[in-house]
Amino acid sequence: MAEQVPLRVIAKEWGRIGVLGFGGPPAHILLLRRLCVEQRGWLAASEFEDGIAATNLLPGPASTQLAIFTAWRVRGTAGALVGGAAFIVPGLVLILLLAALFLAGDPPRWVLGAAAGAGAAVAAVAVQAAGALVPASLKRSGGGAARVRWACYLLLGAAAAILTGPWLVLVLLATGAAEVAFRRPTRRIGRTSRTGDTAPSRPEGDAPRAALPLLVPGLAATGGLGALAWVALKVGALSYGGGFVIIPLMQQDAVHRYHWMTDGQFLNAVALGQITPGPVVQTVAVVGYAAAGVLGGLFAAAVAFGPSFLLVLLGAAHFDRLRANTAVQDFLTGAGPAVIGAIAGSALPLALALHQPWQYAILGLAALWLLVLRRGVVPCLLAAGALGTVAALCELALP
């Protein structure tokens, strides 16, 4: 059946999801399941759920990897390339067009107001995103001493997001490696009690593979496109735990180290990534646009999404082994709470980047909408942008 699905059908259907996929990973998963399982019957429900589980074990944007994986399942490598591109390109084109408007040298007053209003809500969005990840991560950690380690990893991630900027990736890797080390003796004892053999099993020897992308940090030292490539690679290959971890991975580099954009423009970039369809990771294209124009945006997107294609194309046939790999599971058990802490911690510098009193009022309303009423992110950002436009026009009307 895989070879019977025409590429034009894959381009059409995955492109449609790329156009309609507002709301982040939950919406993407729903649309992909509806297409592949319910409407077309290309995948069994169990295959689709296995795909979700496997892609969530990989670094990078999980819903993008799921789109690539499902296209791979129905048409192999060609399907993965066409489906993944069709899923990514609509949102990428839209976000680059918006970047050109919002980052223009002299944008209209209402545009500045809309950007400042939507950007003001981003800190609340970050807190909501972190909170949504807590229950599953706590359940995964277990109890007792593991719960204490979970809290320590959470605090380390938050501190790293606030204090270390681009070096956050080292903390994520360190917490994952620490959890592997903590759990290794327990697993060895468990195997000994069952088999009498104390030799470590082969999967544990694969743990360092999760850290392979760290081998290229020297790119950042070259400046220019080398620096942009490193920032984008961190987003695409080291962003464990969902799209919002890109904020602490990018902010320090984009704003303070390379001065590609201001704090306010970075807030705008994050907001644009939320209100456009497709993966939130496309925020990196706005950073690339600020650094080097349209070509910089396309280059940053290519570097950020490249690892997702490689991971799926090279590893999809081995996803069952990945899910059974205890070292990978332990690594993510440790890195997960650090990611949550980093996402929550990023809210502080995002809030401190606000300048107007009315922006803090919008942030308070956004926190009420998202954290108390538990309503949707996209309506929140659109309403915040509208309030920002009103505030900016009122400022202009005042003598």
# chains A, B, ... in the order shown; residues from 1 in each chain; ligands from 1
>>> residues_around(residues="A:Leu314", least_positions_apart="6", cutoff="12 Å", atoms="only C-alpha atoms", output="list of chain:residue names")
A:Ile68, A:Phe69, A:Trp72, A:Gly76, A:Thr77, A:Ala80, A:Pro307, A:Ser308
>>> closest_atom_pairs(of="stretch 114-182 of chain A", to="stretch 385-392 of chain A", cutoff="9 Å", atoms="only C-alpha atoms", output="tab-separated table")
residue	atom	partner	partner_atom	distance
A:Ala114	CA	A:Gly385	CA	4.0
A:Ala115	CA	A:Gly385	CA	6.2
A:Ala116	CA	A:Gly388	CA	6.1
A:Gly117	CA	A:Gly388	CA	3.9
A:Ala118	CA	A:Gly385	CA	4.4
A:Gly119	CA	A:Gly385	CA	7.9
A:Ala120	CA	A:Gly388	CA	8.7
A:Ala121	CA	A:Gly385	CA	8.9
>>> write_last_selection(atoms="C-alpha atoms", output="PDB file, in the first residue's frame")
ATOM      1  CA  ALA A 114      -0.011  44.758  17.394  1.00  0.00           C
ATOM      2  CA  ALA A 115       3.492  43.351  17.733  1.00  0.00           C
ATOM      3  CA  ALA A 116       4.014  44.869  21.181  1.00  0.00           C
ATOM      4  CA  GLY A 117       0.616  43.617  22.349  1.00  0.00           C
ATOM      5  CA  ALA A 118       1.102  40.050  21.134  1.00  0.00           C
ATOM      6  CA  GLY A 119       4.662  40.035  22.449  1.00  0.00           C
ATOM      7  CA  ALA A 120       3.442  41.121  25.876  1.00  0.00           C
ATOM      8  CA  ALA A 121       1.455  37.902  26.213  1.00  0.00           C
TER       9      ALA A 121
END
>>> select_by_dssp(residues="stretch 171-382 of chain A", states="helix (DSSP H, G or I)", output="ChimeraX atom specification")
/A:171-195,202-215,217-222,224-237,243-257,263-275,280-324,326-345,347-352,357-372,377-382
>>> residues_around(residues="A:Leu310", least_positions_apart="4", cutoff="12 Å", atoms="only C-alpha atoms", output="VMD selection string")
chain A and resid 58 to 60 65 68 to 69 72 77 80 to 81 84 236 to 237 302 to 306 314 to 316
>>> write_last_selection(atoms="N, CA and C atoms", output="PDB file, in the first residue's frame")
ATOM      1  N   LEU A  58      12.478  11.731  20.277  1.00  0.00           N
ATOM      2  CA  LEU A  58      13.536  12.368  19.493  1.00  0.00           C
ATOM      3  C   LEU A  58      13.664  13.838  19.867  1.00  0.00           C
ATOM      4  N   PRO A  59      14.869  14.400  19.759  1.00  0.00           N
ATOM      5  CA  PRO A  59      14.995  15.850  19.890  1.00  0.00           C
ATOM      6  C   PRO A  59      14.423  16.532  18.666  1.00  0.00           C
ATOM      7  N   GLY A  60      14.008  17.783  18.834  1.00  0.00           N
ATOM      8  CA  GLY A  60      13.443  18.517  17.713  1.00  0.00           C
ATOM      9  C   GLY A  60      11.928  18.578  17.781  1.00  0.00           C
ATOM     10  N   GLN A  65       8.116  15.895  13.036  1.00  0.00           N
ATOM     11  CA  GLN A  65       8.646  14.550  12.828  1.00  0.00           C
ATOM     12  C   GLN A  65       7.532  13.538  12.628  1.00  0.00           C
ATOM     13  N   ILE A  68       6.455  13.895   9.054  1.00  0.00           N
ATOM     14  CA  ILE A  68       7.421  13.239   8.166  1.00  0.00           C
ATOM     15  C   ILE A  68       7.298  11.727   8.265  1.00  0.00           C
ATOM     16  N   PHE A  69       7.128  11.213   9.488  1.00  0.00           N
ATOM     17  CA  PHE A  69       7.045   9.767   9.701  1.00  0.00           C
ATOM     18  C   PHE A  69       5.800   9.178   9.029  1.00  0.00           C
ATOM     19  N   TRP A  72       6.323   9.026   5.453  1.00  0.00           N
ATOM     20  CA  TRP A  72       7.266   7.922   5.161  1.00  0.00           C
ATOM     21  C   TRP A  72       6.549   6.579   5.176  1.00  0.00           C
ATOM     22  N   THR A  77      10.778   7.097   1.393  1.00  0.00           N
ATOM     23  CA  THR A  77      11.624   8.286   1.468  1.00  0.00           C
ATOM     24  C   THR A  77      11.052   9.450   0.672  1.00  0.00           C
ATOM     25  N   ALA A  80       8.217  10.958   2.539  1.00  0.00           N
ATOM     26  CA  ALA A  80       8.659  11.721   3.711  1.00  0.00           C
ATOM     27  C   ALA A  80       9.147  13.101   3.307  1.00  0.00           C
ATOM     28  N   LEU A  81       9.929  13.169   2.216  1.00  0.00           N
ATOM     29  CA  LEU A  81      10.459  14.459   1.769  1.00  0.00           C
ATOM     30  C   LEU A  81       9.337  15.377   1.291  1.00  0.00           C
ATOM     31  N   GLY A  84       6.825  16.119   4.408  1.00  0.00           N
ATOM     32  CA  GLY A  84       7.423  17.019   5.377  1.00  0.00           C
ATOM     33  C   GLY A  84       7.525  18.431   4.852  1.00  0.00           C
ATOM     34  N   GLY A 236      16.729  22.874  16.157  1.00  0.00           N
ATOM     35  CA  GLY A 236      16.249  21.684  15.468  1.00  0.00           C
ATOM     36  C   GLY A 236      16.729  20.374  16.037  1.00  0.00           C
ATOM     37  N   ALA A 237      17.900  20.358  16.680  1.00  0.00           N
ATOM     38  CA  ALA A 237      18.495  19.094  17.099  1.00  0.00           C
ATOM     39  C   ALA A 237      18.613  18.934  18.607  1.00  0.00           C
ATOM     40  N   ALA A 302      15.962  25.743   7.057  1.00  0.00           N
ATOM     41  CA  ALA A 302      16.530  24.508   6.507  1.00  0.00           C
ATOM     42  C   ALA A 302      17.413  23.812   7.534  1.00  0.00           C
ATOM     43  N   VAL A 303      18.238  24.581   8.245  1.00  0.00           N
ATOM     44  CA  VAL A 303      19.115  23.984   9.259  1.00  0.00           C
ATOM     45  C   VAL A 303      18.296  23.439  10.426  1.00  0.00           C
ATOM     46  N   ALA A 304      17.259  24.169  10.827  1.00  0.00           N
ATOM     47  CA  ALA A 304      16.464  23.742  11.976  1.00  0.00           C
ATOM     48  C   ALA A 304      15.652  22.483  11.689  1.00  0.00           C
ATOM     49  N   PHE A 305      15.117  22.367  10.470  1.00  0.00           N
ATOM     50  CA  PHE A 305      14.273  21.216  10.151  1.00  0.00           C
ATOM     51  C   PHE A 305      15.061  20.048   9.568  1.00  0.00           C
ATOM     52  N   GLY A 306      16.292  20.298   9.134  1.00  0.00           N
ATOM     53  CA  GLY A 306      17.096  19.223   8.577  1.00  0.00           C
ATOM     54  C   GLY A 306      17.241  18.014   9.493  1.00  0.00           C
ATOM     55  N   LEU A 314      16.530   8.097   8.675  1.00  0.00           N
ATOM     56  CA  LEU A 314      17.538   7.127   9.082  1.00  0.00           C
ATOM     57  C   LEU A 314      17.063   6.203  10.196  1.00  0.00           C
ATOM     58  N   GLY A 315      16.094   6.664  10.969  1.00  0.00           N
ATOM     59  CA  GLY A 315      15.737   5.899  12.163  1.00  0.00           C
ATOM     60  C   GLY A 315      14.349   5.306  12.204  1.00  0.00           C
ATOM     61  N   ALA A 316      13.481   5.668  11.241  1.00  0.00           N
ATOM     62  CA  ALA A 316      12.090   5.218  11.330  1.00  0.00           C
ATOM     63  C   ALA A 316      11.965   3.703  11.392  1.00  0.00           C
TER      64      ALA A 316
END
>>> closest_atom_pairs(of="stretch 276-311 of chain A", to="stretch 88-98 of chain A", cutoff="8 Å", atoms="only C-alpha atoms", output="JSON lines")
{"residue": "A:Thr276", "atom": "CA", "partner": "A:Gly91", "partner_atom": "CA", "distance": 6.0}
{"residue": "A:Pro277", "atom": "CA", "partner": "A:Gly91", "partner_atom": "CA", "distance": 5.1}
{"residue": "A:Gly278", "atom": "CA", "partner": "A:Gly91", "partner_atom": "CA", "distance": 5.3}
{"residue": "A:Pro279", "atom": "CA", "partner": "A:Ile88", "partner_atom": "CA", "distance": 7.3}
{"residue": "A:Gln282", "atom": "CA", "partner": "A:Leu92", "partner_atom": "CA", "distance": 6.3}
{"residue": "A:Thr283", "atom": "CA", "partner": "A:Ile95", "partner_atom": "CA", "distance": 7.8}
{"residue": "A:Ala285", "atom": "CA", "partner": "A:Leu96", "partner_atom": "CA", "distance": 6.9}
{"residue": "A:Val286", "atom": "CA", "partner": "A:Leu96", "partner_atom": "CA", "distance": 6.5}
{"residue": "A:Tyr289", "atom": "CA", "partner": "A:Leu96", "partner_atom": "CA", "distance": 7.3}
{"residue": "A:Val294", "atom": "CA", "partner": "A:Leu96", "partner_atom": "CA", "distance": 7.2}
{"residue": "A:Gly297", "atom": "CA", "partner": "A:Leu96", "partner_atom": "CA", "distance": 7.1}
{"residue": "A:Ala301", "atom": "CA", "partner": "A:Leu92", "partner_atom": "CA", "distance": 8.0}
>>> residues_around(residues="A:Ala342", least_positions_apart="3", cutoff="12 Å", atoms="only C-alpha atoms", output="ChimeraX atom specification")
/A:126-127,129-131,133,153-169,171-172,239-249,335-339,345-349
>>> write_last_selection(atoms="C-alpha atoms", output="PDB file, in the first residue's frame")
ATOM      1  CA  ALA A 126       5.592  30.174  28.172  1.00  0.00           C
ATOM      2  CA  VAL A 127       4.326  29.504  31.701  1.00  0.00           C
ATOM      3  CA  ALA A 129       3.411  25.619  28.003  1.00  0.00           C
ATOM      4  CA  ALA A 130       5.629  24.569  30.904  1.00  0.00           C
ATOM      5  CA  GLY A 131       2.686  23.756  33.144  1.00  0.00           C
ATOM      6  CA  LEU A 133       4.241  19.336  30.492  1.00  0.00           C
ATOM      7  CA  TYR A 153      16.491  19.150  37.346  1.00  0.00           C
ATOM      8  CA  LEU A 154      13.518  21.526  37.077  1.00  0.00           C
ATOM      9  CA  LEU A 155      15.303  24.200  39.132  1.00  0.00           C
ATOM     10  CA  LEU A 156      18.534  23.737  37.188  1.00  0.00           C
ATOM     11  CA  GLY A 157      16.678  24.217  33.906  1.00  0.00           C
ATOM     12  CA  ALA A 158      14.969  27.365  35.163  1.00  0.00           C
ATOM     13  CA  ALA A 159      18.235  28.823  36.455  1.00  0.00           C
ATOM     14  CA  ALA A 160      20.014  27.976  33.209  1.00  0.00           C
ATOM     15  CA  ALA A 161      17.340  29.672  31.101  1.00  0.00           C
ATOM     16  CA  ILE A 162      17.675  32.847  33.172  1.00  0.00           C
ATOM     17  CA  LEU A 163      21.447  32.906  33.656  1.00  0.00           C
ATOM     18  CA  THR A 164      23.264  30.907  30.988  1.00  0.00           C
ATOM     19  CA  GLY A 165      21.479  31.775  27.738  1.00  0.00           C
ATOM     20  CA  PRO A 166      22.801  29.705  24.831  1.00  0.00           C
ATOM     21  CA  TRP A 167      24.631  27.281  27.143  1.00  0.00           C
ATOM     22  CA  LEU A 168      21.318  25.903  28.325  1.00  0.00           C
ATOM     23  CA  VAL A 169      21.905  22.929  26.018  1.00  0.00           C
ATOM     24  CA  VAL A 171      22.384  21.690  31.265  1.00  0.00           C
ATOM     25  CA  LEU A 172      19.807  19.683  29.318  1.00  0.00           C
ATOM     26  CA  SER A 239      15.086  21.137  21.616  1.00  0.00           C
ATOM     27  CA  TYR A 240      13.796  18.378  23.879  1.00  0.00           C
ATOM     28  CA  GLY A 241      10.294  18.746  25.234  1.00  0.00           C
ATOM     29  CA  GLY A 242       8.372  20.816  22.720  1.00  0.00           C
ATOM     30  CA  GLY A 243       8.569  23.959  20.671  1.00  0.00           C
ATOM     31  CA  PHE A 244       8.727  26.493  23.483  1.00  0.00           C
ATOM     32  CA  VAL A 245      12.174  25.427  24.617  1.00  0.00           C
ATOM     33  CA  ILE A 246      13.424  27.338  21.569  1.00  0.00           C
ATOM     34  CA  ILE A 247      12.972  30.590  23.515  1.00  0.00           C
ATOM     35  CA  PRO A 248      15.875  30.174  25.945  1.00  0.00           C
ATOM     36  CA  LEU A 249      17.889  28.428  23.223  1.00  0.00           C
ATOM     37  CA  ALA A 335      16.226  16.120  30.492  1.00  0.00           C
ATOM     38  CA  GLY A 336      12.425  16.488  30.553  1.00  0.00           C
ATOM     39  CA  PRO A 337      12.081  18.405  33.846  1.00  0.00           C
ATOM     40  CA  ALA A 338      15.074  20.584  32.938  1.00  0.00           C
ATOM     41  CA  VAL A 339      13.247  21.493  29.723  1.00  0.00           C
ATOM     42  CA  GLY A 345      12.342  30.272  33.463  1.00  0.00           C
ATOM     43  CA  SER A 346      12.300  31.952  30.055  1.00  0.00           C
ATOM     44  CA  ALA A 347       9.167  33.820  31.154  1.00  0.00           C
ATOM     45  CA  LEU A 348      11.251  36.083  33.420  1.00  0.00           C
ATOM     46  CA  PRO A 349      13.531  37.612  30.751  1.00  0.00           C
TER      47      PRO A 349
END
>>> residues_around(residues="A:Gly18", least_positions_apart="2", cutoff="6 Å", atoms="only C-alpha atoms", output="VMD selection string")
chain A and resid 15 to 16 20 to 21 87 90 278
>>> write_last_selection(atoms="N, CA and C atoms", output="mmCIF file, in the first residue's frame")
data_model
loop_
_atom_site.group_PDB
_atom_site.id
_atom_site.type_symbol
_atom_site.label_atom_id
_atom_site.label_comp_id
_atom_site.auth_asym_id
_atom_site.auth_seq_id
_atom_site.Cartn_x
_atom_site.Cartn_y
_atom_site.Cartn_z
ATOM 1 N N GLY A 15 0.049 19.353 2.749
ATOM 2 C CA GLY A 15 0.020 20.798 2.582
ATOM 3 C C GLY A 15 -1.226 21.407 3.196
ATOM 4 N N ARG A 16 -2.348 20.719 3.076
ATOM 5 C CA ARG A 16 -3.587 21.210 3.694
ATOM 6 C C ARG A 16 -3.439 21.285 5.212
ATOM 7 N N LEU A 20 -3.828 24.545 7.652
ATOM 8 C CA LEU A 20 -4.879 24.588 8.673
ATOM 9 C C LEU A 20 -4.367 24.313 10.084
ATOM 10 N N GLY A 21 -3.080 23.990 10.211
ATOM 11 C CA GLY A 21 -2.576 23.519 11.499
ATOM 12 C C GLY A 21 -2.282 24.604 12.515
ATOM 13 N N PHE A 87 4.130 20.102 4.689
ATOM 14 C CA PHE A 87 3.661 20.469 6.024
ATOM 15 C C PHE A 87 4.331 21.751 6.516
ATOM 16 N N PRO A 90 3.896 26.063 3.990
ATOM 17 C CA PRO A 90 2.867 27.117 4.103
ATOM 18 C C PRO A 90 3.101 28.064 5.279
ATOM 19 N N GLY A 278 1.349 25.504 11.394
ATOM 20 C CA GLY A 278 2.571 24.723 11.312
ATOM 21 C C GLY A 278 3.350 24.746 12.613
#
>>> closest_residue(among="A:Leu66, A:Leu57, A:Ala99, A:Leu32", to="A:Gly293", atoms="only C-alpha atoms")
A:Ala99
